[in-house]
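Below is the file final-v1.cif, which contains mmCIF, C-alpha atoms.
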data_query
#
loop_
_atom_site.label_atom_id
_atom_site.label_comp_id
_atom_site.auth_asym_id
_atom_site.auth_seq_id
_atom_site.Cartn_x
_atom_site.Cartn_y
_atom_site.Cartn_z
CA MET R 110 7.47 152.28 94.03
CA GLN R 111 7.77 148.55 93.37
CA LYS R 112 4.40 148.63 91.63
CA LYS R 113 5.76 151.18 89.16
CA PHE R 114 8.79 149.03 88.42
CA ASP R 115 6.51 146.06 87.70
CA GLN R 116 4.78 147.94 84.89
CA THR R 117 7.29 146.46 82.45
CA SER R 118 5.11 143.34 82.45
CA ASP R 119 2.00 145.21 81.18
CA PRO R 120 0.64 142.79 78.53
CA LYS R 121 -1.22 145.49 76.60
CA ARG R 122 1.90 147.59 76.19
CA TRP R 123 4.04 144.68 75.05
CA GLY R 124 1.26 143.27 72.90
CA ALA R 125 1.00 146.56 71.00
CA GLY R 126 4.74 146.53 70.41
CA VAL R 127 4.68 142.95 69.10
CA LEU R 128 1.84 143.88 66.75
CA VAL R 129 3.73 146.88 65.35
CA PHE R 130 6.84 144.86 64.60
CA ALA R 131 4.82 141.99 63.17
CA ILE R 132 3.28 144.46 60.71
CA LEU R 133 6.74 145.80 59.85
CA ALA R 134 7.97 142.24 59.29
CA MET R 135 5.05 141.64 56.93
CA VAL R 136 5.82 144.87 55.06
CA GLY R 137 9.42 143.75 54.63
CA SER R 138 8.29 140.41 53.24
CA ILE R 139 6.14 141.84 50.46
CA SER R 140 7.80 145.15 49.52
CA ASN R 141 10.13 145.81 46.60
CA ALA R 142 13.88 146.36 46.91
CA TYR R 143 13.69 150.18 47.00
CA ILE R 144 11.12 150.28 49.81
CA ILE R 145 13.07 147.66 51.76
CA SER R 146 16.33 149.61 51.38
CA LEU R 147 14.69 152.82 52.56
CA LEU R 148 12.99 151.14 55.53
CA THR R 149 16.28 149.48 56.48
CA VAL R 150 17.91 152.89 56.83
CA VAL R 151 14.85 154.16 58.74
CA LEU R 152 15.02 151.27 61.20
CA LEU R 153 18.76 151.64 61.72
CA PHE R 154 18.41 155.33 62.50
CA ALA R 155 15.49 154.51 64.78
CA PHE R 156 17.82 152.15 66.67
CA MET R 157 20.61 154.72 66.83
CA GLY R 158 18.03 157.33 67.78
CA GLN R 159 17.23 155.19 70.82
CA SER R 160 20.83 155.70 71.97
CA TRP R 161 20.43 159.48 71.72
CA ASN R 162 16.98 159.22 73.31
CA LEU R 163 18.48 157.30 76.22
CA MET R 164 21.19 159.92 76.67
CA LEU R 165 19.02 163.07 76.48
CA GLY R 166 15.40 161.96 76.79
CA ILE R 167 16.03 159.90 79.94
CA GLY R 168 19.53 160.85 81.12
CA GLY R 169 19.30 164.56 80.34
CA GLN R 170 22.74 164.84 78.65
CA LEU R 171 22.75 166.68 75.32
CA SER R 172 25.00 165.38 72.54
CA ILE R 173 25.23 166.80 69.03
CA GLY R 174 28.19 164.65 68.03
CA HIS R 175 26.81 161.13 68.00
CA ALA R 176 28.40 160.65 64.58
CA LEU R 177 31.63 160.02 66.52
CA PHE R 178 30.22 156.81 68.01
CA VAL R 179 28.47 155.77 64.81
CA GLY R 180 31.74 156.16 62.91
CA ILE R 181 33.73 154.20 65.48
CA GLY R 182 31.33 151.28 65.13
CA ALA R 183 31.44 151.41 61.33
CA TYR R 184 35.23 151.61 61.14
CA SER R 185 35.69 148.83 63.71
CA VAL R 186 33.60 146.45 61.60
CA ALA R 187 35.19 147.60 58.33
CA ILE R 188 38.83 147.38 59.42
CA LEU R 189 38.51 143.94 60.98
CA ASN R 190 36.44 142.53 58.14
CA ILE R 191 38.16 144.10 55.11
CA LYS R 192 41.76 143.96 56.28
CA TYR R 193 41.75 140.77 58.34
CA GLY R 194 38.64 138.85 57.28
CA ILE R 195 37.24 138.79 60.83
CA THR R 196 33.49 138.39 61.23
CA PRO R 197 31.54 141.64 61.72
CA TRP R 198 30.15 140.23 64.97
CA ILE R 199 33.56 140.76 66.55
CA GLY R 200 33.76 144.21 64.99
CA LEU R 201 30.39 145.14 66.47
CA ILE R 202 31.47 144.03 69.95
CA LEU R 203 34.84 145.76 69.69
CA GLY R 204 33.32 148.93 68.25
CA ALA R 205 30.73 149.07 71.03
CA ALA R 206 33.46 148.61 73.64
CA ILE R 207 35.68 151.32 72.14
CA ALA R 208 32.79 153.76 71.72
CA GLY R 209 31.58 153.10 75.26
CA LEU R 210 35.09 153.73 76.59
CA ILE R 211 35.47 156.97 74.60
CA GLY R 212 32.03 158.10 75.76
CA ALA R 213 32.98 157.36 79.36
CA VAL R 214 36.26 159.28 79.01
CA LEU R 215 34.51 162.29 77.45
CA ALA R 216 31.91 162.23 80.21
CA TRP R 217 34.54 161.90 82.96
CA LEU R 218 36.61 164.77 81.60
CA SER R 219 33.54 166.98 81.12
CA PHE R 220 31.72 166.42 84.38
CA ARG R 221 34.91 166.23 86.42
CA PHE R 222 35.47 169.89 85.51
CA GLU R 223 31.75 170.83 85.57
CA VAL R 224 31.45 171.10 81.79
CA ARG R 225 27.77 170.39 81.20
CA GLY R 226 24.71 171.52 79.33
CA ILE R 227 25.36 173.27 76.03
CA TYR R 228 29.11 173.24 76.69
CA PHE R 229 29.10 169.45 76.87
CA ALA R 230 27.14 169.40 73.59
CA LEU R 231 29.81 171.60 71.98
CA LEU R 232 32.46 169.22 73.27
CA THR R 233 30.75 166.29 71.54
CA ILE R 234 30.68 168.23 68.26
CA ALA R 235 34.39 169.03 68.62
CA ALA R 236 35.22 165.38 69.35
CA ALA R 237 33.24 164.17 66.33
CA GLU R 238 34.87 166.72 64.01
CA PHE R 239 38.33 165.88 65.35
CA ALA R 240 37.74 162.18 64.66
CA ARG R 241 36.38 162.92 61.16
CA ILE R 242 39.44 164.96 60.22
CA MET R 243 41.81 162.44 61.78
CA PHE R 244 40.25 159.49 59.94
CA GLY R 245 40.25 161.52 56.72
CA GLY R 246 44.03 161.82 56.85
CA TRP R 247 44.78 158.32 58.17
CA ASP R 248 45.92 156.04 55.34
CA TYR R 249 45.50 152.86 57.41
CA VAL R 250 41.71 153.37 57.47
CA GLY R 251 41.52 154.47 53.84
CA GLY R 252 41.68 158.22 54.38
CA MET R 253 39.24 160.21 52.28
CA GLN R 254 39.06 157.32 49.77
CA GLY R 255 37.25 155.25 52.39
CA LEU R 256 36.91 151.50 52.84
CA PHE R 257 34.84 149.17 50.67
CA PHE R 258 33.26 145.91 51.76
CA GLN R 259 33.26 142.94 49.45
CA ALA R 260 30.22 142.99 47.19
CA PRO R 261 27.48 140.70 48.54
CA THR R 262 26.87 137.51 46.59
CA GLY R 263 23.18 137.39 47.43
CA SER R 264 23.46 134.28 49.58
CA MET R 265 22.83 134.68 53.30
CA ASP R 266 25.80 134.17 55.63
CA LEU R 267 24.76 134.89 59.20
CA ALA R 268 28.26 134.24 60.56
CA MET R 269 29.67 137.05 58.38
CA LEU R 270 26.49 139.16 58.51
CA ARG R 271 26.21 139.15 54.73
CA GLY R 272 23.08 138.80 52.66
CA ASP R 273 20.69 140.52 50.32
CA THR R 274 18.59 143.63 50.90
CA ARG R 275 15.84 141.74 52.67
CA PHE R 276 18.36 140.13 55.03
CA TYR R 277 19.62 143.52 56.20
CA TYR R 278 16.04 144.71 56.58
CA PHE R 279 15.32 142.02 59.14
CA VAL R 280 18.65 142.68 60.88
CA ALA R 281 17.65 146.34 61.20
CA LEU R 282 14.13 145.37 62.29
CA THR R 283 15.57 143.17 65.02
CA LEU R 284 17.80 145.99 66.24
CA ALA R 285 14.87 148.43 66.25
CA ALA R 286 12.77 145.98 68.28
CA ILE R 287 15.62 145.52 70.76
CA GLY R 288 15.98 149.30 71.00
CA VAL R 289 12.28 149.85 71.75
CA ALA R 290 12.15 147.02 74.29
CA GLY R 291 15.40 148.11 75.94
CA THR R 292 14.29 151.74 76.28
CA GLU R 293 10.91 150.64 77.68
CA MET R 294 12.51 148.38 80.29
CA ILE R 295 15.15 150.92 81.29
CA SER R 296 12.65 153.78 81.56
CA ARG R 297 10.51 151.74 83.98
CA SER R 298 13.42 150.36 86.00
CA TYR R 299 15.30 151.79 88.96
CA LEU R 300 17.92 153.23 86.59
CA GLY R 301 15.22 154.97 84.57
CA TYR R 302 13.79 156.70 87.64
CA VAL R 303 17.26 157.72 88.82
CA TRP R 304 18.23 159.07 85.40
CA ARG R 305 15.00 161.05 85.05
CA ALA R 306 15.55 162.55 88.49
CA MET R 307 19.07 163.50 87.36
CA ARG R 308 17.65 164.94 84.13
CA ASP R 309 14.94 167.01 85.83
CA ASP R 310 17.06 168.45 88.63
CA ASP R 311 20.69 167.42 88.97
CA ASP R 312 21.27 169.29 92.22
CA ALA R 313 18.15 167.89 93.86
CA ALA R 314 19.09 164.36 92.78
CA ARG R 315 22.53 164.76 94.34
CA ALA R 316 20.95 166.11 97.52
CA LEU R 317 18.88 162.91 97.71
CA GLY R 318 22.01 160.78 97.51
CA VAL R 319 22.11 159.96 93.80
CA GLN R 320 25.67 159.67 92.54
CA THR R 321 24.97 161.69 89.42
CA PHE R 322 28.61 161.75 88.30
CA ARG R 323 28.70 157.96 87.96
CA HIS R 324 25.24 157.77 86.42
CA LYS R 325 26.12 160.35 83.77
CA ILE R 326 29.18 158.35 82.78
CA LEU R 327 27.08 155.18 82.69
CA VAL R 328 24.27 156.55 80.51
CA ILE R 329 26.70 158.19 78.08
CA SER R 330 28.81 155.04 77.71
CA ILE R 331 25.72 152.88 77.11
CA SER R 332 24.42 155.40 74.58
CA ALA R 333 27.77 155.49 72.77
CA ALA R 334 28.03 151.69 72.63
CA THR R 335 24.49 151.40 71.25
CA ALA R 336 25.18 154.00 68.56
CA ALA R 337 28.35 152.14 67.57
CA ILE R 338 26.44 148.90 67.01
CA GLY R 339 24.03 150.73 64.74
CA GLY R 340 26.94 152.35 62.92
CA GLY R 341 28.59 148.99 62.29
CA VAL R 342 25.46 147.59 60.68
CA LEU R 343 24.94 150.82 58.72
CA GLY R 344 28.42 150.45 57.24
CA LEU R 345 27.59 146.91 56.10
CA VAL R 346 24.31 148.09 54.57
CA GLN R 347 25.98 150.93 52.66
CA GLY R 348 28.84 148.72 51.48
CA ALA R 349 31.42 151.48 51.90
CA ILE R 350 32.34 154.04 54.54
CA PHE R 351 33.95 157.47 54.22
CA PRO R 352 34.84 159.90 57.02
CA ASP R 353 32.53 162.62 55.75
CA SER R 354 29.55 160.35 55.25
CA ILE R 355 29.78 158.25 58.42
CA MET R 356 31.23 160.83 60.84
CA GLY R 357 29.85 164.06 59.41
CA MET R 358 27.36 166.36 61.09
CA GLY R 359 24.63 164.98 58.85
CA ILE R 360 24.79 161.64 60.67
CA SER R 361 24.42 163.36 64.04
CA VAL R 362 21.36 165.21 62.75
CA ASP R 363 19.84 162.02 61.33
CA VAL R 364 20.33 160.29 64.69
CA LEU R 365 18.68 163.01 66.76
CA ILE R 366 15.85 163.88 64.36
CA GLY R 367 13.88 160.71 65.18
CA PRO R 368 13.63 161.24 68.95
CA VAL R 369 13.00 164.98 68.60
CA VAL R 370 10.21 164.55 66.05
CA GLY R 371 8.79 161.34 67.52
CA GLY R 372 8.99 162.15 71.21
CA LEU R 373 11.91 162.40 73.60
CA GLY R 374 11.98 159.97 76.49
CA THR R 375 9.48 157.56 74.93
CA ALA R 376 10.18 154.06 73.66
CA PHE R 377 8.34 154.44 70.34
CA GLY R 378 9.27 158.08 69.72
CA PRO R 379 12.53 157.45 67.80
CA LEU R 380 10.84 154.85 65.59
CA VAL R 381 7.86 157.09 64.80
CA GLY R 382 10.09 160.12 64.24
CA SER R 383 12.44 158.24 61.93
CA MET R 384 9.49 156.87 59.97
CA ALA R 385 8.29 160.44 59.45
CA ALA R 386 11.59 162.27 58.88
CA ILE R 387 14.00 159.95 57.06
CA PRO R 388 11.72 159.18 54.05
CA LEU R 389 10.96 162.89 53.78
CA HIS R 390 14.70 163.60 53.79
CA HIS R 391 15.30 161.14 50.93
CA ALA R 392 12.28 162.34 48.95
CA MET R 393 13.27 166.00 49.25
CA GLY R 394 16.86 165.15 48.32
CA ALA R 395 15.71 163.39 45.16
CA LEU R 396 13.31 166.22 44.36
CA GLY R 397 16.04 168.80 44.87
CA ASP R 398 18.37 166.91 42.55
CA SER R 399 15.65 166.73 39.90
CA PHE R 400 14.93 170.48 39.98
CA GLY R 401 18.46 171.62 40.70
CA ILE R 402 17.70 172.87 44.21
CA PRO R 403 20.63 171.90 46.44
CA GLY R 404 19.95 171.48 50.14
CA LEU R 405 16.21 170.94 49.77
CA ASN R 406 16.40 167.98 52.15
CA SER R 407 17.98 170.20 54.82
CA ILE R 408 15.23 172.76 54.31
CA ALA R 409 12.65 169.99 54.77
CA TYR R 410 14.35 168.89 58.00
CA GLY R 411 14.28 172.42 59.30
CA ALA R 412 10.60 172.83 58.38
CA VAL R 413 9.67 169.56 60.10
CA LEU R 414 11.52 170.56 63.27
CA ILE R 415 9.86 173.98 63.35
CA LEU R 416 6.40 172.50 62.83
CA VAL R 417 6.90 169.82 65.47
CA VAL R 418 8.29 172.26 68.04
CA TRP R 419 5.47 174.70 67.32
CA PHE R 420 2.48 172.36 67.20
CA LEU R 421 3.70 169.15 68.92
CA PRO R 422 6.42 170.16 71.40
CA ASP R 423 6.31 166.71 73.02
CA GLY R 424 6.64 164.94 69.65
CA ILE R 425 4.31 162.89 67.47
CA TRP R 426 4.06 159.76 69.63
CA PRO R 427 2.87 161.47 72.85
CA ALA R 428 0.25 163.30 70.78
CA VAL R 429 -0.94 159.98 69.34
CA VAL R 430 -1.15 158.49 72.84
CA ARG R 431 -3.16 161.49 74.08
CA LEU R 432 -5.52 161.24 71.12
CA TYR R 433 -6.03 157.53 71.75
CA GLY R 434 -6.74 158.24 75.42
CA ALA R 435 -9.28 160.94 74.49
CA ILE R 436 -11.07 158.52 72.15
CA GLN R 437 -11.09 155.75 74.74
CA LEU R 438 -12.23 157.97 77.61
CA PRO R 439 -15.97 158.10 76.71
CA ALA R 440 -16.04 154.31 76.41
CA ARG R 441 -14.39 153.92 79.81
CA VAL R 442 -16.87 156.38 81.32
CA ARG R 443 -19.82 154.38 79.92
CA ILE R 444 -18.36 151.13 81.23
CA SER R 445 -17.83 152.71 84.65
CA LYS R 446 -21.44 153.92 84.76
CA LEU R 447 -22.73 150.48 83.75
CA GLN R 448 -20.67 148.92 86.52
CA GLU R 449 -22.13 151.40 89.01
CA VAL R 450 -25.65 150.49 87.87
CA GLU R 451 -24.93 146.78 88.23
CA ASN R 452 -23.48 147.34 91.68
CA ASP R 453 -26.59 149.32 92.71
CA ARG R 454 -28.85 146.50 91.49
CA ALA R 455 -26.80 143.91 93.33
CA ALA R 456 -27.03 145.96 96.51
#

The structure given in the file should be rewritten as structure tokens.
Amino acid sequence: MQKKFDQTSDPKRWGAGVLVFAILAMVGSISNAYIISLLTVVLLFAFMGQSWNLMLGIGGQLSIGHALFVGIGAYSVAILNIKYGITPWIGLILGAAIAGLIGAVLAWLSFRFEVRGIYFALLTIAAAEFARIMFGGWDYVGGMQGLFFQAPTGSMDLAMLRGDTRFYYFVALTLAAIGVAGTEMISRSYLGYVWRAMRDDDDAARALGVQTFRHKILVISISAATAAIGGGVLGLVQGAIFPDSIMGMGISVDVLIGPVVGGLGTAFGPLVGSMAAIPLHHAMGALGDSFGIPGLNSIAYGAVLILVVWFLPDGIWPAVVRLYGAIQLPARVRISKLQEVENDRAA
């Protein structure tokens, strides 16, 4: 078992991750403003997708209301920064703490009364919709008119997390890298094995002594806090937040689409899925506006989900890994045979 836990130090695995993010950093350095803006959104949703991936892909707890936590993070940053001039760093920390606490409370109330599975998912939708309606009628947070950040001057201010488009790209890239590394380390740690056991068979895990009630609360609170951090940065990137746009069902769908398309329970799945789905969503939205076809982006999302579930039920990233393994297998077989020949000669 200890050998499995030590796999987090696999140099090939980490080297591949460093290479991917180095390429993304290079892309951000040479691309135009539109591409950078689009990739910034992709990377942020990849990071928030990691929170959903952690909750369902590893922990086995289905949420369809992650917009609640995203919105809490965005509003925490906006209220403190716009109304009181406090640095967004404090807003991110406070938003993560509040979202984690709300996630823990929702989990405690649900699992204390055996509300789980699809019923827990419905509870998350209800909580997100309740918060959206409440914030829409709350004048202190701007109501339906929303809150607007001060327009960026173009100069970088790390203390206030303000800068140009390229600055936010590298902030999002850093978060995405942290998300991939964090998911990889957790999935290969003791917690990861416990959470997967809980995901695969809750009753069997409890029979083996796993305190599933506490672990469910823990994974949901961590997931909620992570989503809130992404939501806070997303609010800064957008420059304004509104209840419908930051807490609506569309945000929940954008968060979960990456892990579902890319591969649930994998470290790179949310990144790959977001890279595939989010640009398609924007392209279809623009195309629909041009031809007067409302909802074309939603149709594209639905088509992508159907195709992935039908042809790649595990997601894109596991299929890529399997393909790479199939390509590498003949080479490994030849090397093994050569080693056998050399050993026979030596004998």

Written as an mmCIF file with C-alpha atoms, in the frame of the given file, which residues does the PyMOL selection byres ((chain R and resi 385) around 12) give for the file shown?
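The resulting file, part00.cif, is reproduced below:
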data_model
loop_
_atom_site.group_PDB
_atom_site.id
_atom_site.type_symbol
_atom_site.label_atom_id
_atom_site.label_comp_id
_atom_site.auth_asym_id
_atom_site.auth_seq_id
_atom_site.Cartn_x
_atom_site.Cartn_y
_atom_site.Cartn_z
ATOM 1 C CA LEU R 148 12.990 151.140 55.530
ATOM 2 C CA VAL R 151 14.850 154.160 58.740
ATOM 3 C CA LEU R 152 15.020 151.270 61.200
ATOM 4 C CA PHE R 154 18.410 155.330 62.500
ATOM 5 C CA ALA R 155 15.490 154.510 64.780
ATOM 6 C CA ASP R 363 19.840 162.020 61.330
ATOM 7 C CA ILE R 366 15.850 163.880 64.360
ATOM 8 C CA GLY R 367 13.880 160.710 65.180
ATOM 9 C CA PRO R 368 13.630 161.240 68.950
ATOM 10 C CA VAL R 369 13.000 164.980 68.600
ATOM 11 C CA VAL R 370 10.210 164.550 66.050
ATOM 12 C CA GLY R 371 8.790 161.340 67.520
ATOM 13 C CA GLY R 372 8.990 162.150 71.210
ATOM 14 C CA GLY R 378 9.270 158.080 69.720
ATOM 15 C CA PRO R 379 12.530 157.450 67.800
ATOM 16 C CA LEU R 380 10.840 154.850 65.590
ATOM 17 C CA VAL R 381 7.860 157.090 64.800
ATOM 18 C CA GLY R 382 10.090 160.120 64.240
ATOM 19 C CA SER R 383 12.440 158.240 61.930
ATOM 20 C CA MET R 384 9.490 156.870 59.970
ATOM 21 C CA ALA R 386 11.590 162.270 58.880
ATOM 22 C CA ILE R 387 14.000 159.950 57.060
ATOM 23 C CA PRO R 388 11.720 159.180 54.050
ATOM 24 C CA LEU R 389 10.960 162.890 53.780
ATOM 25 C CA HIS R 390 14.700 163.600 53.790
ATOM 26 C CA HIS R 391 15.300 161.140 50.930
ATOM 27 C CA ALA R 392 12.280 162.340 48.950
ATOM 28 C CA ALA R 409 12.650 169.990 54.770
ATOM 29 C CA TYR R 410 14.350 168.890 58.000
ATOM 30 C CA VAL R 413 9.670 169.560 60.100
ATOM 31 C CA LEU R 414 11.520 170.560 63.270
ATOM 32 C CA VAL R 417 6.900 169.820 65.470
ATOM 33 C CA GLY R 424 6.640 164.940 69.650
ATOM 34 C CA ILE R 425 4.310 162.890 67.470
ATOM 35 C CA TRP R 426 4.060 159.760 69.630
#

| message | Between CA of His175 in chain R and CA of Ala213 in chain R, what is the distance in Å, rounded to a tenth? | response | 13.5 Å

| task | Evaluate the PyMOL selection byres ((chain R and resi 328-345) around 7) and record the selected residues as JSON, numbers by chain, following the chain and residue labels used in the document. | result | {"R": [153, 156, 157, 160, 161, 163, 164, 168, 178, 179, 180, 181, 182, 183, 186, 201, 204, 205, 206, 208, 209, 210, 212, 213, 216, 324, 325, 326, 327, 346, 347, 348, 349, 350]}

| request: Evaluate the PyMOL selection byres ((chain R and resi 218-231) around 8) here and jot the selected residues down as an MDAnalysis selection string. | output: chainID R and resid 170:174 214:217 232:235 322

Expected axis-aligned box over every listed atom of range 381-391 of chain R, 6 Å added per side, centre plus edges in Å to one decimal, as lines of an AutoDock Vina configuration file:
center_x = 11.6
center_y = 160.2
center_z = 57.9
size_x = 19.4
size_y = 18.7
size_z = 25.9

Using all atoms listed in the file, which protein or nucleic acid residues come within 7 Å of Pro197 in chain R? Drop anything in the same chain fewer than 6 positions from it, and give the result as a JSON list (two decimals) with C-alpha atoms, in the frame of the given file.
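For reference, result_10.json as written:
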[["chain", "number", "residue", "atom", "x", "y", "z"],
["R", 186, "VAL", "CA", 33.60, 146.45, 61.60],
["R", 190, "ASN", "CA", 36.44, 142.53, 58.14],
["R", 269, "MET", "CA", 29.67, 137.05, 58.38],
["R", 270, "LEU", "CA", 26.49, 139.16, 58.51]]
